[in-house]
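Written out below as structure tokens is the structure these notes cover.
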Amino acid sequence: MMIRNIVVTAALTLPVAALAATPNVTPGEWEFVSVTSMDGDMQIPDQTETERQCITQEELEGAEFGFIEEEEGCELLNQDMNADGLEYSMVCRAEGGEATIDGEMRFMGEKIEGTVDIFTQSPMGELTMNTVIEGERIGNCE
């Protein structure tokens with residue numbers, strides 16, 4: 001499950017200091033739903049997670065705002081970011097295993113859509129995880 005935690009974290013938090021333009025994201029209260037399906041030597045049922053987050057204009061304009069966080073043992077291989085989205089690749093190594101992560105996010109004002117695909121190799125076998133992320137602005141921050 002450590003790799004799964006990396007996916008969820010990777011899908012939601014990377015500083016955008018390199019971003020020249022403000023992301024096409026409307027400030028406010030957002031709800032993100034991620035659905036992860038897994039295919040591999042171990043059969044694991046699909047998992048759905050819902051998270052709410054307040055996104056302010058100041059965060060959008062600041063270097064702290066982002067969607068991917070490099071965890072310990074992870075290396076960001078490449079990142080292409082602009083006002084309309086983000087594509088990235090990273091590799092994580094932990095507990096005798098390795099995970100290759102490819103992600104894409106699309107910023108559409110009051111919606112965010114994305115995918116995170118992870119291929120892991122560990123002593124327990126190979127596992128492919130595909131996460132679909134949908135975010136929607138649901139109102140003003142409280």
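All residue names refer to the structure tokens as shown: chains lettered A, B, ... in order, residues numbered from 1 in each chain, ligands numbered from 1 in order.
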Out of segment 25-94 of chain A, which residues get helix (DSSP H, G or I) from DSSP, as an NGL selection string?
:A and (57-61)
Any chance you could export the current selection's all heavy atoms as a PDB file, in the first residue's frame?
```
ATOM      1  N   GLN A  57      -6.705  32.263  -4.755  1.00  0.00           N
ATOM      2  CA  GLN A  57      -5.987  32.950  -5.836  1.00  0.00           C
ATOM      3  C   GLN A  57      -4.517  33.117  -5.469  1.00  0.00           C
ATOM      4  O   GLN A  57      -3.642  32.951  -6.318  1.00  0.00           O
ATOM      5  CB  GLN A  57      -6.630  34.317  -6.127  1.00  0.00           C
ATOM      6  CG  GLN A  57      -6.007  35.032  -7.310  1.00  0.00           C
ATOM      7  CD  GLN A  57      -6.235  34.310  -8.630  1.00  0.00           C
ATOM      8  OE1 GLN A  57      -7.300  33.738  -8.857  1.00  0.00           O
ATOM      9  NE2 GLN A  57      -5.240  34.335  -9.494  1.00  0.00           N
ATOM     10  N   GLU A  58      -4.245  33.399  -4.202  1.00  0.00           N
ATOM     11  CA  GLU A  58      -2.865  33.560  -3.747  1.00  0.00           C
ATOM     12  C   GLU A  58      -2.076  32.269  -3.947  1.00  0.00           C
ATOM     13  O   GLU A  58      -0.907  32.299  -4.336  1.00  0.00           O
ATOM     14  CB  GLU A  58      -2.821  33.988  -2.265  1.00  0.00           C
ATOM     15  CG  GLU A  58      -3.340  35.392  -2.016  1.00  0.00           C
ATOM     16  CD  GLU A  58      -4.883  35.487  -2.004  1.00  0.00           C
ATOM     17  OE1 GLU A  58      -5.567  34.457  -1.821  1.00  0.00           O
ATOM     18  OE2 GLU A  58      -5.392  36.604  -2.203  1.00  0.00           O
ATOM     19  N   GLU A  59      -2.697  31.125  -3.659  1.00  0.00           N
ATOM     20  CA  GLU A  59      -2.023  29.839  -3.865  1.00  0.00           C
ATOM     21  C   GLU A  59      -1.752  29.596  -5.347  1.00  0.00           C
ATOM     22  O   GLU A  59      -0.689  29.105  -5.712  1.00  0.00           O
ATOM     23  CB  GLU A  59      -2.870  28.693  -3.301  1.00  0.00           C
ATOM     24  CG  GLU A  59      -2.912  28.668  -1.797  1.00  0.00           C
ATOM     25  CD  GLU A  59      -3.885  27.643  -1.259  1.00  0.00           C
ATOM     26  OE1 GLU A  59      -4.971  27.443  -1.848  1.00  0.00           O
ATOM     27  OE2 GLU A  59      -3.547  27.033  -0.239  1.00  0.00           O
ATOM     28  N   LEU A  60      -2.718  29.941  -6.195  1.00  0.00           N
ATOM     29  CA  LEU A  60      -2.545  29.749  -7.629  1.00  0.00           C
ATOM     30  C   LEU A  60      -1.377  30.569  -8.173  1.00  0.00           C
ATOM     31  O   LEU A  60      -0.671  30.131  -9.075  1.00  0.00           O
ATOM     32  CB  LEU A  60      -3.824  30.126  -8.378  1.00  0.00           C
ATOM     33  CG  LEU A  60      -4.999  29.182  -8.201  1.00  0.00           C
ATOM     34  CD1 LEU A  60      -6.274  29.799  -8.761  1.00  0.00           C
ATOM     35  CD2 LEU A  60      -4.724  27.839  -8.855  1.00  0.00           C
ATOM     36  N   GLU A  61      -1.180  31.745  -7.613  1.00  0.00           N
ATOM     37  CA  GLU A  61      -0.124  32.633  -8.081  1.00  0.00           C
ATOM     38  C   GLU A  61       1.209  32.379  -7.396  1.00  0.00           C
ATOM     39  O   GLU A  61       2.242  32.873  -7.836  1.00  0.00           O
ATOM     40  CB  GLU A  61      -0.548  34.092  -7.873  1.00  0.00           C
ATOM     41  CG  GLU A  61      -1.722  34.480  -8.739  1.00  0.00           C
ATOM     42  CD  GLU A  61      -2.297  35.841  -8.407  1.00  0.00           C
ATOM     43  OE1 GLU A  61      -1.843  36.474  -7.429  1.00  0.00           O
ATOM     44  OE2 GLU A  61      -3.206  36.275  -9.129  1.00  0.00           O
TER      45      GLU A  61
END
```
Neighbours of segment 75-90 of chain A within 7 Å (only C-alpha atoms; same-chain residues fewer than 2 positions away dropped), as a tab-separated table (two decimals) with all heavy atoms, in the first residue's frame?
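This went into out_15.tsv:
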```
chain	number	residue	atom	x	y	z
A	19	LEU	N	6.15	27.37	-13.57
A	19	LEU	CA	4.99	27.76	-14.36
A	19	LEU	C	5.00	29.26	-14.60
A	19	LEU	O	5.01	30.04	-13.68
A	19	LEU	CB	3.71	27.35	-13.62
A	19	LEU	CG	2.40	27.60	-14.33
A	19	LEU	CD1	2.34	26.82	-15.64
A	19	LEU	CD2	1.25	27.18	-13.44
A	21	ALA	N	2.63	31.04	-16.36
A	21	ALA	CA	1.29	31.62	-16.27
A	21	ALA	C	0.52	30.96	-15.13
A	21	ALA	O	0.79	29.83	-14.76
A	21	ALA	CB	0.55	31.40	-17.58
A	22	THR	N	-0.45	31.68	-14.59
A	22	THR	CA	-1.29	31.13	-13.54
A	22	THR	C	-2.10	29.97	-14.12
A	22	THR	O	-2.65	30.08	-15.21
A	22	THR	CB	-2.24	32.22	-13.01
A	22	THR	OG1	-1.45	33.31	-12.54
A	22	THR	CG2	-3.11	31.69	-11.89
A	23	PRO	N	-2.21	28.85	-13.39
A	23	PRO	CA	-3.00	27.72	-13.89
A	23	PRO	C	-4.45	28.12	-14.16
A	23	PRO	O	-5.01	28.95	-13.44
A	23	PRO	CB	-2.93	26.70	-12.75
A	23	PRO	CG	-1.74	27.09	-11.95
A	23	PRO	CD	-1.60	28.58	-12.10
A	24	ASN	N	-5.04	27.54	-15.17
A	24	ASN	CA	-6.44	27.79	-15.53
A	24	ASN	C	-7.34	27.04	-14.54
A	24	ASN	O	-7.98	26.05	-14.87
A	24	ASN	CB	-6.71	27.35	-16.96
A	24	ASN	CG	-8.13	27.62	-17.40
A	24	ASN	OD1	-8.86	28.38	-16.75
A	24	ASN	ND2	-8.54	27.00	-18.48
A	70	GLU	N	7.12	15.30	-4.52
A	70	GLU	CA	8.14	14.26	-4.57
A	70	GLU	C	8.34	13.71	-3.17
A	70	GLU	O	8.73	14.41	-2.26
A	70	GLU	CB	9.46	14.83	-5.09
A	70	GLU	CG	9.47	15.03	-6.59
A	70	GLU	CD	10.85	15.42	-7.08
A	70	GLU	OE1	11.74	14.55	-7.07
A	70	GLU	OE2	11.01	16.58	-7.45
A	73	GLY	N	12.66	9.00	-1.75
A	73	GLY	CA	12.87	7.83	-2.59
A	73	GLY	C	12.35	8.00	-4.00
A	73	GLY	O	12.44	7.09	-4.81
A	92	CYS	N	10.00	5.96	-8.33
A	92	CYS	CA	10.12	5.85	-6.88
A	92	CYS	C	10.70	4.48	-6.55
A	92	CYS	O	10.30	3.46	-7.13
A	92	CYS	CB	8.76	6.01	-6.21
A	92	CYS	SG	7.99	7.61	-6.48
A	100	THR	N	7.31	3.18	-11.63
A	100	THR	CA	7.41	4.19	-12.67
A	100	THR	C	6.05	4.87	-12.76
A	100	THR	O	5.02	4.20	-12.90
A	100	THR	CB	7.77	3.55	-14.03
A	100	THR	OG1	9.00	2.81	-13.86
A	100	THR	CG2	7.95	4.60	-15.10
A	101	ILE	N	6.03	6.20	-12.68
A	101	ILE	CA	4.78	6.96	-12.62
A	101	ILE	C	4.72	7.95	-13.78
A	101	ILE	O	5.66	8.72	-13.98
A	101	ILE	CB	4.68	7.72	-11.28
A	101	ILE	CG1	4.81	6.75	-10.12
A	101	ILE	CG2	3.39	8.54	-11.21
A	101	ILE	CD1	5.01	7.39	-8.76
A	102	ASP	N	3.63	7.91	-14.53
A	102	ASP	CA	3.37	8.88	-15.59
A	102	ASP	C	2.03	9.52	-15.30
A	102	ASP	O	1.03	8.83	-15.11
A	102	ASP	CB	3.32	8.20	-16.97
A	102	ASP	CG	4.67	7.64	-17.37
A	102	ASP	OD1	5.65	8.40	-17.35
A	102	ASP	OD2	4.75	6.44	-17.69
A	103	GLY	N	2.01	10.85	-15.27
A	103	GLY	CA	0.77	11.55	-14.95
A	103	GLY	C	0.47	12.67	-15.91
A	103	GLY	O	1.37	13.21	-16.56
A	104	GLU	N	-0.80	13.01	-15.97
A	104	GLU	CA	-1.27	14.09	-16.82
A	104	GLU	C	-2.47	14.74	-16.13
A	104	GLU	O	-3.36	14.05	-15.64
A	104	GLU	CB	-1.69	13.55	-18.18
A	104	GLU	CG	-2.36	14.57	-19.06
A	104	GLU	CD	-2.95	13.95	-20.32
A	104	GLU	OE1	-3.20	12.73	-20.35
A	104	GLU	OE2	-3.19	14.72	-21.25
A	105	MET	N	-2.47	16.07	-16.07
A	105	MET	CA	-3.61	16.81	-15.51
A	105	MET	C	-4.01	17.88	-16.52
A	105	MET	O	-3.15	18.50	-17.14
A	105	MET	CB	-3.22	17.49	-14.20
A	105	MET	CG	-2.73	16.57	-13.09
A	105	MET	SD	-3.98	15.48	-12.44
A	105	MET	CE	-4.89	16.62	-11.43
A	106	ARG	N	-5.31	18.09	-16.68
A	106	ARG	CA	-5.83	19.14	-17.55
A	106	ARG	C	-6.62	20.13	-16.71
A	106	ARG	O	-7.53	19.74	-15.98
A	106	ARG	CB	-6.72	18.53	-18.65
A	106	ARG	CG	-5.91	17.71	-19.64
A	106	ARG	CD	-6.77	16.92	-20.62
A	106	ARG	NE	-7.72	16.00	-20.03
A	106	ARG	CZ	-7.42	14.83	-19.46
A	106	ARG	NH1	-6.17	14.45	-19.37
A	106	ARG	NH2	-8.36	14.04	-18.96
A	107	PHE	N	-6.26	21.42	-16.80
A	107	PHE	CA	-6.91	22.47	-16.05
A	107	PHE	C	-7.93	23.15	-16.95
A	107	PHE	O	-7.58	23.67	-18.01
A	107	PHE	CB	-5.89	23.51	-15.57
A	107	PHE	CG	-4.70	22.93	-14.85
A	107	PHE	CD1	-3.44	23.47	-15.03
A	107	PHE	CD2	-4.83	21.86	-13.98
A	107	PHE	CE1	-2.33	22.97	-14.36
A	107	PHE	CE2	-3.74	21.34	-13.31
A	107	PHE	CZ	-2.48	21.89	-13.50
A	108	MET	N	-9.20	23.16	-16.54
A	108	MET	CA	-10.28	23.69	-17.38
A	108	MET	C	-11.18	24.64	-16.59
A	108	MET	O	-12.39	24.49	-16.58
A	108	MET	CB	-11.09	22.52	-17.95
A	108	MET	CG	-10.26	21.57	-18.80
A	108	MET	SD	-11.13	20.05	-19.23
A	108	MET	CE	-11.14	19.22	-17.64
```
Correct to one decimal, the distance atom CA of Gly62 of chain A-atom CA of Glu49 of chain A is 26.9 Å
Straight-line distance linking atom CA of Glu134 of chain A with atom CA of Glu72 of chain A, stated in Å to one decimal
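Atom CA of Glu72 of chain A lies at a distance of 26.1 Å from atom CA of Glu134 of chain A.
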Mind checking which residues fall within 10 Å of segment 33-38 of chain A, counting only C-alpha atoms, ignoring those fewer than 5 positions away in the same chain, and posting them as JSON, numbers by chain?
{"A": [4, 7, 8, 11, 43, 44, 45, 46, 47, 48, 49, 50, 51, 52, 113, 114, 115, 116, 117, 118, 119, 127, 128, 129, 130, 131, 132, 133, 134, 135, 136]}
Give me a file of those residues, with C-alpha atoms, as a compact mmCIF listing (two decimals), in the first residue's frame.
```txt
# COMPACT_ATOMS: atom_id res chain seq x y z
CA ARG A 4 -0.66 3.45 -3.51
CA VAL A 7 0.08 7.65 -6.21
CA VAL A 8 -2.47 9.64 -4.26
CA ALA A 11 -1.67 13.03 -8.05
CA GLN A 43 -6.15 -8.99 -7.28
CA ILE A 44 -7.17 -5.79 -5.52
CA PRO A 45 -10.62 -4.19 -5.93
CA ASP A 46 -10.94 -0.69 -7.36
CA GLN A 47 -10.55 2.05 -4.77
CA THR A 48 -12.31 5.41 -4.77
CA GLU A 49 -11.18 8.37 -2.69
CA THR A 50 -12.80 11.79 -2.33
CA GLU A 51 -10.97 14.85 -1.02
CA ARG A 52 -12.02 18.48 -0.61
CA GLU A 113 -9.21 15.99 -15.09
CA GLY A 114 -6.22 13.75 -15.03
CA THR A 115 -4.71 10.31 -15.03
CA VAL A 116 -1.83 8.71 -13.17
CA ASP A 117 -0.43 5.41 -14.46
CA ILE A 118 1.96 3.46 -12.25
CA PHE A 119 3.87 0.30 -13.03
CA LEU A 127 1.35 -4.40 -10.49
CA THR A 128 -0.13 -1.76 -12.77
CA MET A 129 -2.29 0.96 -11.22
CA ASN A 130 -4.37 3.38 -13.24
CA THR A 131 -5.93 6.33 -11.42
CA VAL A 132 -8.48 8.66 -12.97
CA ILE A 133 -8.85 11.99 -11.18
CA GLU A 134 -11.76 14.38 -11.57
CA GLY A 135 -11.89 17.69 -9.75
CA GLU A 136 -14.77 20.12 -9.73
```
Residues near Arg93 of chain A, cut-off 8 Å, only C-alpha atoms, skip fewer than 5 positions along chain, as JSON, numbers by chain
{"A": [73, 74, 98, 99]}
Take atom CA of Glu142 of chain A and atom CA of Gly109 of chain A and report the distance between them in Å, one decimal.
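Those two atoms sit 19.6 Å apart.
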Among listed residues A:Val91, A:Val25, A:Ile138, A:Ile55, nearest Gln121 of chain A (using only C-alpha atoms):
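Comparing A:Val91, A:Val25, A:Ile138, A:Ile55 against Gln121 of chain A, the winner is A:Val91.
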Given the choices A:Gly40, A:Thr56, A:Lys111, A:Pro123, which gets closest to Arg137 of chain A if the distance is worked out from only C-alpha atoms?
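Once distances to Arg137 of chain A are computed over only C-alpha atoms, the minimum belongs to A:Lys111.
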So that I can check the surroundings of Cys54 of chain A, please list as JSON, numbers by chain every protein, DNA and RNA residue that reaches within 8 Å of it, counting only C-alpha atoms and ignoring chain neighbours fewer than 5 positions away.
{"A": [27, 28, 29, 30, 141]}
